[in-house]
Amino acid sequence: MSREREWSLELREAVATLARAGVDAPRADAELLLAHVLGGERGAVMARVLAGAQAEPAQAAVFAGLVERRAGREPLQHLTGRACFHGVDLAVGPGVFVPRPETELLVEVGIGALIADPQAERVLDLCTGSGAVAAAVAAWGQAQGRRLRITAVELDPTAHSWARRNLEPWGVDLRLADALDPIPELRGVVDVLLTNPPYVPDGEEPLQPEARRDPDLALYGGDARGLRIPLRLIGAAAALLRPGGTFAMEHHETQGEALAAAAEACGAFERVRVLPDATGRDRVLVAVRGAAPEAPAAEWKNGPCE
């Protein structure tokens, strides 16, 4: 018969295991895994641990199994089934891109545009993945008592199924479609268009082993520079936004200059700029739709307002 041990000992061993495996935040990950096993909030669970709580053998075995999988660099979010993004709890797992903290900048740009224009209500999230960006904007709108009409588009059926779980509670209009396909009823009426598209250059392997578990369809931008899809989305934004509408797109740290130049050359945008993330790397292209003529639908798939 297995003898119970204190959770504090189980936790110390888990932290050591994760540290040896090179996990970036071994203590935080071990505590989150333990909270998941015990079914409580991290703070409350740690209070129990510090008070000398005993580990039941069955729960300890489940915890040890999860720690070993995390040591194998399986994403923490895949093990818990949850990811927190901009204050919203999301369901995630294999087959969908795990939202990153740097993408919260994209949300902040969108919220800023909505604050600047109290009449704006039409928000479009292209390449929504798990629905993280759309859910975060919807949560903000609900907290503010703001009536927003949010549409999210995702091409991959697996990612779409995750997005459906995350977006149904917020009343977001989710569509299974190519972000580059025309959306006739939204042409020229979108107030804020946000997108975190595939943009990793072909052949570039993500540095973190966990990121390699993300689906290729969500990562790679379609050519050696990763620009094929982002450039085409500039054309899509020109066709979908109303004059004065805001376009914001996350991108690779090497792509800011090229994308800003493409948006300028398009002729449909003004106030084009590139914002850095918290590490100082170029991360989000921002532009405002000018009063130039509407872009024809054919250009959505050919490039930026060719």
# chains A, B, ... in the order shown; residues from 1 in each chain; ligands from 1

call {"tool": "select_by_dssp", "arguments": {"residues": "range 159-286 of chain A", "states": "helix (DSSP H, G or I)", "output": "NGL selection string"}}
result
:A and (159-170 or 184-186 or 209-213 or 216-219 or 228-240 or 256-266)

call {"tool": "residues_around", "arguments": {"residues": "range 24-27 of chain A", "least_positions_apart": "5", "cutoff": "10 Å", "atoms": "only C-alpha atoms", "output": "number ranges by chain"}}
result
A: 11-12, 14-19, 32-33, 67, 70-71, 208

call {"tool": "write_last_selection", "arguments": {"atoms": "N, CA, C and O atoms", "output": "PDB file, in the first residue's frame"}}
result
ATOM      1  N   LEU A  11       5.835  18.507  -4.953  1.00  0.00           N
ATOM      2  CA  LEU A  11       6.023  19.721  -5.740  1.00  0.00           C
ATOM      3  C   LEU A  11       7.508  20.021  -5.938  1.00  0.00           C
ATOM      4  O   LEU A  11       7.930  20.382  -7.047  1.00  0.00           O
ATOM      5  N   ARG A  12       8.305  19.885  -4.904  1.00  0.00           N
ATOM      6  CA  ARG A  12       9.745  20.132  -5.036  1.00  0.00           C
ATOM      7  C   ARG A  12      10.366  19.206  -6.077  1.00  0.00           C
ATOM      8  O   ARG A  12      11.180  19.637  -6.897  1.00  0.00           O
ATOM      9  N   ALA A  14       8.821  17.812  -8.574  1.00  0.00           N
ATOM     10  CA  ALA A  14       8.312  18.207  -9.893  1.00  0.00           C
ATOM     11  C   ALA A  14       9.084  19.404 -10.443  1.00  0.00           C
ATOM     12  O   ALA A  14       9.451  19.437 -11.621  1.00  0.00           O
ATOM     13  N   VAL A  15       9.328  20.388  -9.587  1.00  0.00           N
ATOM     14  CA  VAL A  15      10.084  21.571 -10.016  1.00  0.00           C
ATOM     15  C   VAL A  15      11.481  21.159 -10.486  1.00  0.00           C
ATOM     16  O   VAL A  15      11.972  21.633 -11.521  1.00  0.00           O
ATOM     17  N   ALA A  16      12.116  20.267  -9.752  1.00  0.00           N
ATOM     18  CA  ALA A  16      13.452  19.809 -10.125  1.00  0.00           C
ATOM     19  C   ALA A  16      13.424  19.083 -11.457  1.00  0.00           C
ATOM     20  O   ALA A  16      14.307  19.271 -12.310  1.00  0.00           O
ATOM     21  N   THR A  17      12.407  18.260 -11.677  1.00  0.00           N
ATOM     22  CA  THR A  17      12.279  17.532 -12.944  1.00  0.00           C
ATOM     23  C   THR A  17      12.117  18.488 -14.115  1.00  0.00           C
ATOM     24  O   THR A  17      12.764  18.345 -15.164  1.00  0.00           O
ATOM     25  N   LEU A  18      11.267  19.480 -13.956  1.00  0.00           N
ATOM     26  CA  LEU A  18      11.020  20.435 -15.040  1.00  0.00           C
ATOM     27  C   LEU A  18      12.248  21.314 -15.286  1.00  0.00           C
ATOM     28  O   LEU A  18      12.545  21.665 -16.431  1.00  0.00           O
ATOM     29  N   ALA A  19      12.940  21.681 -14.232  1.00  0.00           N
ATOM     30  CA  ALA A  19      14.154  22.493 -14.392  1.00  0.00           C
ATOM     31  C   ALA A  19      15.208  21.719 -15.181  1.00  0.00           C
ATOM     32  O   ALA A  19      15.867  22.273 -16.067  1.00  0.00           O
ATOM     33  N   LEU A  32       0.895  25.135 -11.450  1.00  0.00           N
ATOM     34  CA  LEU A  32      -0.310  25.133 -12.270  1.00  0.00           C
ATOM     35  C   LEU A  32      -0.796  23.720 -12.553  1.00  0.00           C
ATOM     36  O   LEU A  32      -2.007  23.456 -12.582  1.00  0.00           O
ATOM     37  N   LEU A  33       0.131  22.802 -12.775  1.00  0.00           N
ATOM     38  CA  LEU A  33      -0.258  21.406 -12.973  1.00  0.00           C
ATOM     39  C   LEU A  33      -0.892  20.833 -11.707  1.00  0.00           C
ATOM     40  O   LEU A  33      -1.884  20.089 -11.773  1.00  0.00           O
ATOM     41  N   VAL A  67       3.662  15.855 -15.023  1.00  0.00           N
ATOM     42  CA  VAL A  67       4.986  16.468 -14.926  1.00  0.00           C
ATOM     43  C   VAL A  67       5.937  15.837 -15.941  1.00  0.00           C
ATOM     44  O   VAL A  67       6.702  16.536 -16.612  1.00  0.00           O
ATOM     45  N   ARG A  70       5.122  17.189 -19.290  1.00  0.00           N
ATOM     46  CA  ARG A  70       5.611  18.575 -19.416  1.00  0.00           C
ATOM     47  C   ARG A  70       7.121  18.587 -19.587  1.00  0.00           C
ATOM     48  O   ARG A  70       7.667  19.405 -20.347  1.00  0.00           O
ATOM     49  N   ALA A  71       7.810  17.684 -18.893  1.00  0.00           N
ATOM     50  CA  ALA A  71       9.259  17.587 -19.054  1.00  0.00           C
ATOM     51  C   ALA A  71       9.627  17.166 -20.471  1.00  0.00           C
ATOM     52  O   ALA A  71      10.708  17.502 -20.960  1.00  0.00           O
ATOM     53  N   GLN A 208      11.246  27.471 -29.305  1.00  0.00           N
ATOM     54  CA  GLN A 208      10.723  26.704 -28.183  1.00  0.00           C
ATOM     55  C   GLN A 208      10.155  25.373 -28.660  1.00  0.00           C
ATOM     56  O   GLN A 208       9.350  25.346 -29.600  1.00  0.00           O
TER      57      GLN A 208
END

call {"tool": "closest_residue", "arguments": {"among": "A:Gly221, A:Gly171, A:Gly290, A:Pro94", "to": "Pro197 in chain A", "atoms": "only C-alpha atoms"}}
result
A:Gly221

call {"tool": "residues_around", "arguments": {"residues": "Leu194 in chain A", "least_positions_apart": "3", "cutoff": "6 Å", "atoms": "only C-alpha atoms", "output": "list in words"}}
result
Asp125, Ala248 and Met249 of chain A

call {"tool": "write_last_selection", "arguments": {"atoms": "N, CA and C atoms", "output": "compact mmCIF listing (two decimals), in the first residue's frame"}}
result
# COMPACT_ATOMS: atom_id res chain seq x y z
N ASP A 125 -12.21 39.55 -36.82
CA ASP A 125 -10.98 38.86 -36.44
C ASP A 125 -10.71 37.77 -37.47
N ALA A 248 -5.15 46.22 -37.80
CA ALA A 248 -3.99 45.85 -36.98
C ALA A 248 -3.67 44.38 -37.25
N MET A 249 -2.40 44.12 -37.53
CA MET A 249 -1.97 42.76 -37.87
C MET A 249 -0.67 42.42 -37.15

call {"tool": "closest_residue", "arguments": {"among": "A:Ala287, A:Ile229, A:Leu259, A:Ala28", "to": "Gly245 in chain A", "atoms": "only C-alpha atoms"}}
result
A:Ala287

call {"tool": "select_by_dssp", "arguments": {"residues": "range 56-274 of chain A", "states": "strand (DSSP E)", "output": "PyMOL selection string"}}
result
chain A and resi 82-85+88-91+122-126+149-154+173-176+190-195+241-250+269-274

call {"tool": "residues_around", "arguments": {"residues": "range 132-134 of chain A", "least_positions_apart": "2", "cutoff": "7 Å", "atoms": "only C-alpha atoms", "output": "MDAnalysis selection string"}}
result
chainID A and resid 85 99 107 125 128 130 136:138 152

call {"tool": "atom_distance", "arguments": {"atom1": "CA of Leu34 in chain A", "atom2": "CA of Pro101 in chain A"}}
result
22.4 Å

call {"tool": "residues_around", "arguments": {"residues": "range 174-177 of chain A", "least_positions_apart": "6", "cutoff": "9 Å", "atoms": "only C-alpha atoms", "output": "PDB file with N, CA and C atoms, in the first residue's frame"}}
result
ATOM      1  N   THR A 128      -8.673  33.467 -36.751  1.00  0.00           N
ATOM      2  CA  THR A 128      -8.953  33.567 -35.312  1.00  0.00           C
ATOM      3  C   THR A 128      -8.336  32.465 -34.483  1.00  0.00           C
ATOM      4  N   GLY A 131      -9.822  31.609 -31.201  1.00  0.00           N
ATOM      5  CA  GLY A 131     -10.793  32.666 -30.919  1.00  0.00           C
ATOM      6  C   GLY A 131     -10.322  33.639 -29.870  1.00  0.00           C
ATOM      7  N   ILE A 150     -19.229  41.236 -33.521  1.00  0.00           N
ATOM      8  CA  ILE A 150     -17.916  40.653 -33.794  1.00  0.00           C
ATOM      9  C   ILE A 150     -18.059  39.418 -34.665  1.00  0.00           C
ATOM     10  N   THR A 151     -17.263  39.375 -35.722  1.00  0.00           N
ATOM     11  CA  THR A 151     -17.184  38.213 -36.611  1.00  0.00           C
ATOM     12  C   THR A 151     -15.773  37.663 -36.557  1.00  0.00           C
ATOM     13  N   ALA A 152     -15.644  36.347 -36.495  1.00  0.00           N
ATOM     14  CA  ALA A 152     -14.336  35.692 -36.494  1.00  0.00           C
ATOM     15  C   ALA A 152     -14.308  34.644 -37.593  1.00  0.00           C
ATOM     16  N   VAL A 153     -13.165  34.529 -38.260  1.00  0.00           N
ATOM     17  CA  VAL A 153     -13.027  33.614 -39.398  1.00  0.00           C
ATOM     18  C   VAL A 153     -11.838  32.693 -39.162  1.00  0.00           C
ATOM     19  N   GLU A 154     -12.032  31.398 -39.372  1.00  0.00           N
ATOM     20  CA  GLU A 154     -10.962  30.411 -39.240  1.00  0.00           C
ATOM     21  C   GLU A 154     -11.098  29.363 -40.345  1.00  0.00           C
ATOM     22  N   LEU A 155      -9.961  29.031 -40.961  1.00  0.00           N
ATOM     23  CA  LEU A 155      -9.937  28.099 -42.083  1.00  0.00           C
ATOM     24  C   LEU A 155      -9.886  26.646 -41.645  1.00  0.00           C
ATOM     25  N   ASP A 156      -9.123  26.343 -40.600  1.00  0.00           N
ATOM     26  CA  ASP A 156      -8.874  24.959 -40.208  1.00  0.00           C
ATOM     27  C   ASP A 156     -10.035  24.402 -39.375  1.00  0.00           C
ATOM     28  N   PRO A 157     -10.601  23.258 -39.759  1.00  0.00           N
ATOM     29  CA  PRO A 157     -11.753  22.715 -39.014  1.00  0.00           C
ATOM     30  C   PRO A 157     -11.444  22.399 -37.555  1.00  0.00           C
ATOM     31  N   HIS A 160     -11.223  25.621 -35.718  1.00  0.00           N
ATOM     32  CA  HIS A 160     -12.576  26.175 -35.692  1.00  0.00           C
ATOM     33  C   HIS A 160     -13.398  25.547 -34.572  1.00  0.00           C
ATOM     34  N   ALA A 163     -12.371  27.204 -31.448  1.00  0.00           N
ATOM     35  CA  ALA A 163     -12.901  28.576 -31.434  1.00  0.00           C
ATOM     36  C   ALA A 163     -14.394  28.585 -31.112  1.00  0.00           C
ATOM     37  N   ARG A 164     -15.123  27.607 -31.621  1.00  0.00           N
ATOM     38  CA  ARG A 164     -16.559  27.564 -31.346  1.00  0.00           C
ATOM     39  C   ARG A 164     -16.821  27.443 -29.839  1.00  0.00           C
ATOM     40  N   LEU A 167     -16.012  30.933 -28.325  1.00  0.00           N
ATOM     41  CA  LEU A 167     -16.705  32.137 -28.782  1.00  0.00           C
ATOM     42  C   LEU A 167     -18.222  32.077 -28.628  1.00  0.00           C
ATOM     43  N   GLU A 168     -18.784  30.878 -28.545  1.00  0.00           N
ATOM     44  CA  GLU A 168     -20.238  30.795 -28.385  1.00  0.00           C
ATOM     45  C   GLU A 168     -20.740  31.555 -27.160  1.00  0.00           C
TER      46      GLU A 168
END

call {"tool": "closest_residue", "arguments": {"among": "A:Arg232, A:Arg225, A:Arg289, A:Arg69", "to": "Glu264 in chain A", "atoms": "only C-alpha atoms"}}
result
A:Arg289

call {"tool": "residues_around", "arguments": {"residues": "Phe63 in chain A", "least_positions_apart": "2", "cutoff": "12 Å", "atoms": "only C-alpha atoms", "output": "PyMOL selection string"}}
result
chain A and resi 7+10-11+13-15+29-39+55-61+65-70+79-80

call {"tool": "write_last_selection", "arguments": {"atoms": "N, CA and C atoms", "output": "tab-separated table (two decimals), in the first residue's frame"}}
result
chain	number	residue	atom	x	y	z
A	7	TRP	N	2.31	17.17	-0.17
A	7	TRP	CA	2.38	17.74	-1.51
A	7	TRP	C	3.61	18.61	-1.69
A	10	GLU	N	6.23	16.44	-3.18
A	10	GLU	CA	5.89	16.12	-4.57
A	10	GLU	C	6.18	17.33	-5.47
A	11	LEU	N	5.84	18.51	-4.95
A	11	LEU	CA	6.02	19.72	-5.74
A	11	LEU	C	7.51	20.02	-5.94
A	13	GLU	N	9.98	17.94	-6.05
A	13	GLU	CA	10.51	16.99	-7.02
A	13	GLU	C	10.06	17.35	-8.44
A	14	ALA	N	8.82	17.81	-8.57
A	14	ALA	CA	8.31	18.21	-9.89
A	14	ALA	C	9.08	19.40	-10.44
A	15	VAL	N	9.33	20.39	-9.59
A	15	VAL	CA	10.08	21.57	-10.02
A	15	VAL	C	11.48	21.16	-10.49
A	29	ASP	N	4.97	26.30	-13.64
A	29	ASP	CA	4.31	25.21	-14.36
A	29	ASP	C	3.94	24.07	-13.42
A	30	ALA	N	4.82	23.74	-12.49
A	30	ALA	CA	4.51	22.67	-11.54
A	30	ALA	C	3.31	23.05	-10.67
A	31	GLU	N	3.27	24.29	-10.22
A	31	GLU	CA	2.15	24.73	-9.40
A	31	GLU	C	0.84	24.72	-10.19
A	32	LEU	N	0.90	25.13	-11.45
A	32	LEU	CA	-0.31	25.13	-12.27
A	32	LEU	C	-0.80	23.72	-12.55
A	33	LEU	N	0.13	22.80	-12.77
A	33	LEU	CA	-0.26	21.41	-12.97
A	33	LEU	C	-0.89	20.83	-11.71
A	34	LEU	N	-0.34	21.18	-10.57
A	34	LEU	CA	-0.90	20.69	-9.31
A	34	LEU	C	-2.30	21.28	-9.09
A	35	ALA	N	-2.47	22.54	-9.38
A	35	ALA	CA	-3.78	23.16	-9.25
A	35	ALA	C	-4.78	22.47	-10.17
A	36	HIS	N	-4.33	22.10	-11.37
A	36	HIS	CA	-5.20	21.39	-12.31
A	36	HIS	C	-5.62	20.03	-11.74
A	37	VAL	N	-4.67	19.30	-11.18
A	37	VAL	CA	-4.96	17.98	-10.62
A	37	VAL	C	-5.92	18.08	-9.43
A	38	LEU	N	-5.71	19.07	-8.59
A	38	LEU	CA	-6.52	19.20	-7.38
A	38	LEU	C	-7.81	19.99	-7.60
A	39	GLY	N	-7.94	20.55	-8.80
A	39	GLY	CA	-9.19	21.22	-9.14
A	39	GLY	C	-9.45	22.51	-8.40
A	55	ALA	N	-0.70	14.21	0.02
A	55	ALA	CA	-1.03	13.83	-1.35
A	55	ALA	C	-1.61	12.43	-1.38
A	56	GLU	N	-2.84	12.29	-1.86
A	56	GLU	CA	-3.39	10.95	-2.05
A	56	GLU	C	-2.61	10.26	-3.17
A	57	PRO	N	-2.30	8.98	-3.01
A	57	PRO	CA	-1.47	8.28	-4.01
A	57	PRO	C	-2.01	8.38	-5.44
A	58	ALA	N	-3.31	8.28	-5.61
A	58	ALA	CA	-3.87	8.34	-6.97
A	58	ALA	C	-3.65	9.71	-7.59
A	59	GLN	N	-3.89	10.76	-6.83
A	59	GLN	CA	-3.66	12.11	-7.34
A	59	GLN	C	-2.18	12.37	-7.58
A	60	ALA	N	-1.34	11.85	-6.71
A	60	ALA	CA	0.10	12.02	-6.88
A	60	ALA	C	0.57	11.35	-8.16
A	61	ALA	N	-0.02	10.21	-8.48
A	61	ALA	CA	0.36	9.50	-9.71
A	61	ALA	C	-0.05	10.29	-10.94
A	65	GLY	N	2.53	11.95	-13.71
A	65	GLY	CA	2.40	11.70	-15.14
A	65	GLY	C	2.38	12.99	-15.95
A	66	LEU	N	1.66	13.98	-15.46
A	66	LEU	CA	1.60	15.27	-16.15
A	66	LEU	C	2.96	15.97	-16.13
A	67	VAL	N	3.66	15.85	-15.02
A	67	VAL	CA	4.99	16.47	-14.93
A	67	VAL	C	5.94	15.84	-15.94
A	68	GLU	N	5.87	14.52	-16.09
A	68	GLU	CA	6.73	13.86	-17.07
A	68	GLU	C	6.41	14.30	-18.48
A	69	ARG	N	5.14	14.46	-18.78
A	69	ARG	CA	4.75	14.94	-20.12
A	69	ARG	C	5.22	16.38	-20.33
A	70	ARG	N	5.12	17.19	-19.29
A	70	ARG	CA	5.61	18.57	-19.42
A	70	ARG	C	7.12	18.59	-19.59
A	79	LEU	N	-1.84	20.20	-21.52
A	79	LEU	CA	-2.02	19.32	-20.37
A	79	LEU	C	-3.19	19.75	-19.49
A	80	THR	N	-3.37	21.05	-19.37
A	80	THR	CA	-4.48	21.55	-18.54
A	80	THR	C	-5.75	21.79	-19.35

call {"tool": "residues_around", "arguments": {"residues": "Ala258 in chain A", "least_positions_apart": "2", "cutoff": "12 Å", "atoms": "only C-alpha atoms", "output": "list of chain:residue names"}}
result
A:Arg225, A:Gly226, A:Leu227, A:Arg228, A:Pro230, A:Leu231, A:Ile234, A:His251, A:His252, A:Glu253, A:Thr254, A:Gln255, A:Gly256, A:Ala260, A:Ala261, A:Ala262, A:Ala263, A:Glu264, A:Ala265, A:Val272, A:Arg273, A:Val274, A:Asp282, A:Leu285, A:Pro304

call {"tool": "write_last_selection", "arguments": {"atoms": "C-alpha atoms", "output": "CSV table (one decimal), in the first residue's frame"}}
result
chain,number,residue,atom,x,y,z
A,225,ARG,CA,10.0,35.5,-45.8
A,226,GLY,CA,6.6,34.5,-44.4
A,227,LEU,CA,5.0,37.4,-46.2
A,228,ARG,CA,2.6,35.9,-48.7
A,230,PRO,CA,0.2,38.9,-44.5
A,231,LEU,CA,0.6,40.9,-47.7
A,234,ILE,CA,-3.5,44.0,-46.4
A,251,HIS,CA,3.7,39.9,-37.7
A,252,HIS,CA,7.2,38.4,-37.5
A,253,GLU,CA,9.8,40.7,-35.9
A,254,THR,CA,11.6,40.9,-39.3
A,255,GLN,CA,8.6,41.9,-41.4
A,256,GLY,CA,7.6,45.3,-40.0
A,260,ALA,CA,4.5,49.0,-43.6
A,261,ALA,CA,5.9,49.8,-47.0
A,262,ALA,CA,3.2,47.6,-48.6
A,263,ALA,CA,0.4,49.3,-46.7
A,264,GLU,CA,1.8,52.7,-47.7
A,265,ALA,CA,2.1,51.7,-51.4
A,272,VAL,CA,0.7,53.5,-41.1
A,273,ARG,CA,3.0,52.5,-38.2
A,274,VAL,CA,4.6,49.5,-36.6
A,282,ASP,CA,8.5,45.0,-34.2
A,285,LEU,CA,1.3,46.8,-38.1
A,304,PRO,CA,-1.9,44.4,-51.2

call {"tool": "atom_distance", "arguments": {"atom1": "CA of Val172 in chain A", "atom2": "CA of Ala135 in chain A"}}
result
7.9 Å

call {"tool": "closest_residue", "arguments": {"among": "A:Ala91, A:Ala44, A:Ala278, A:Val200", "to": "Ala159 in chain A", "atoms": "only C-alpha atoms"}}
result
A:Ala91

call {"tool": "atom_distance", "arguments": {"atom1": "CA of Ala139 in chain A", "atom2": "CA of Thr246 in chain A"}}
result
19.4 Å

call {"tool": "closest_residue", "arguments": {"among": "A:Leu241, A:Phe247, A:Gln77, A:Glu205", "to": "Phe97 in chain A", "atoms": "only C-alpha atoms"}}
result
A:Gln77

call {"tool": "closest_residue", "arguments": {"among": "A:Gly52, A:Pro75, A:Pro182, A:Pro169", "to": "Asp214 in chain A", "atoms": "only C-alpha atoms"}}
result
A:Pro75
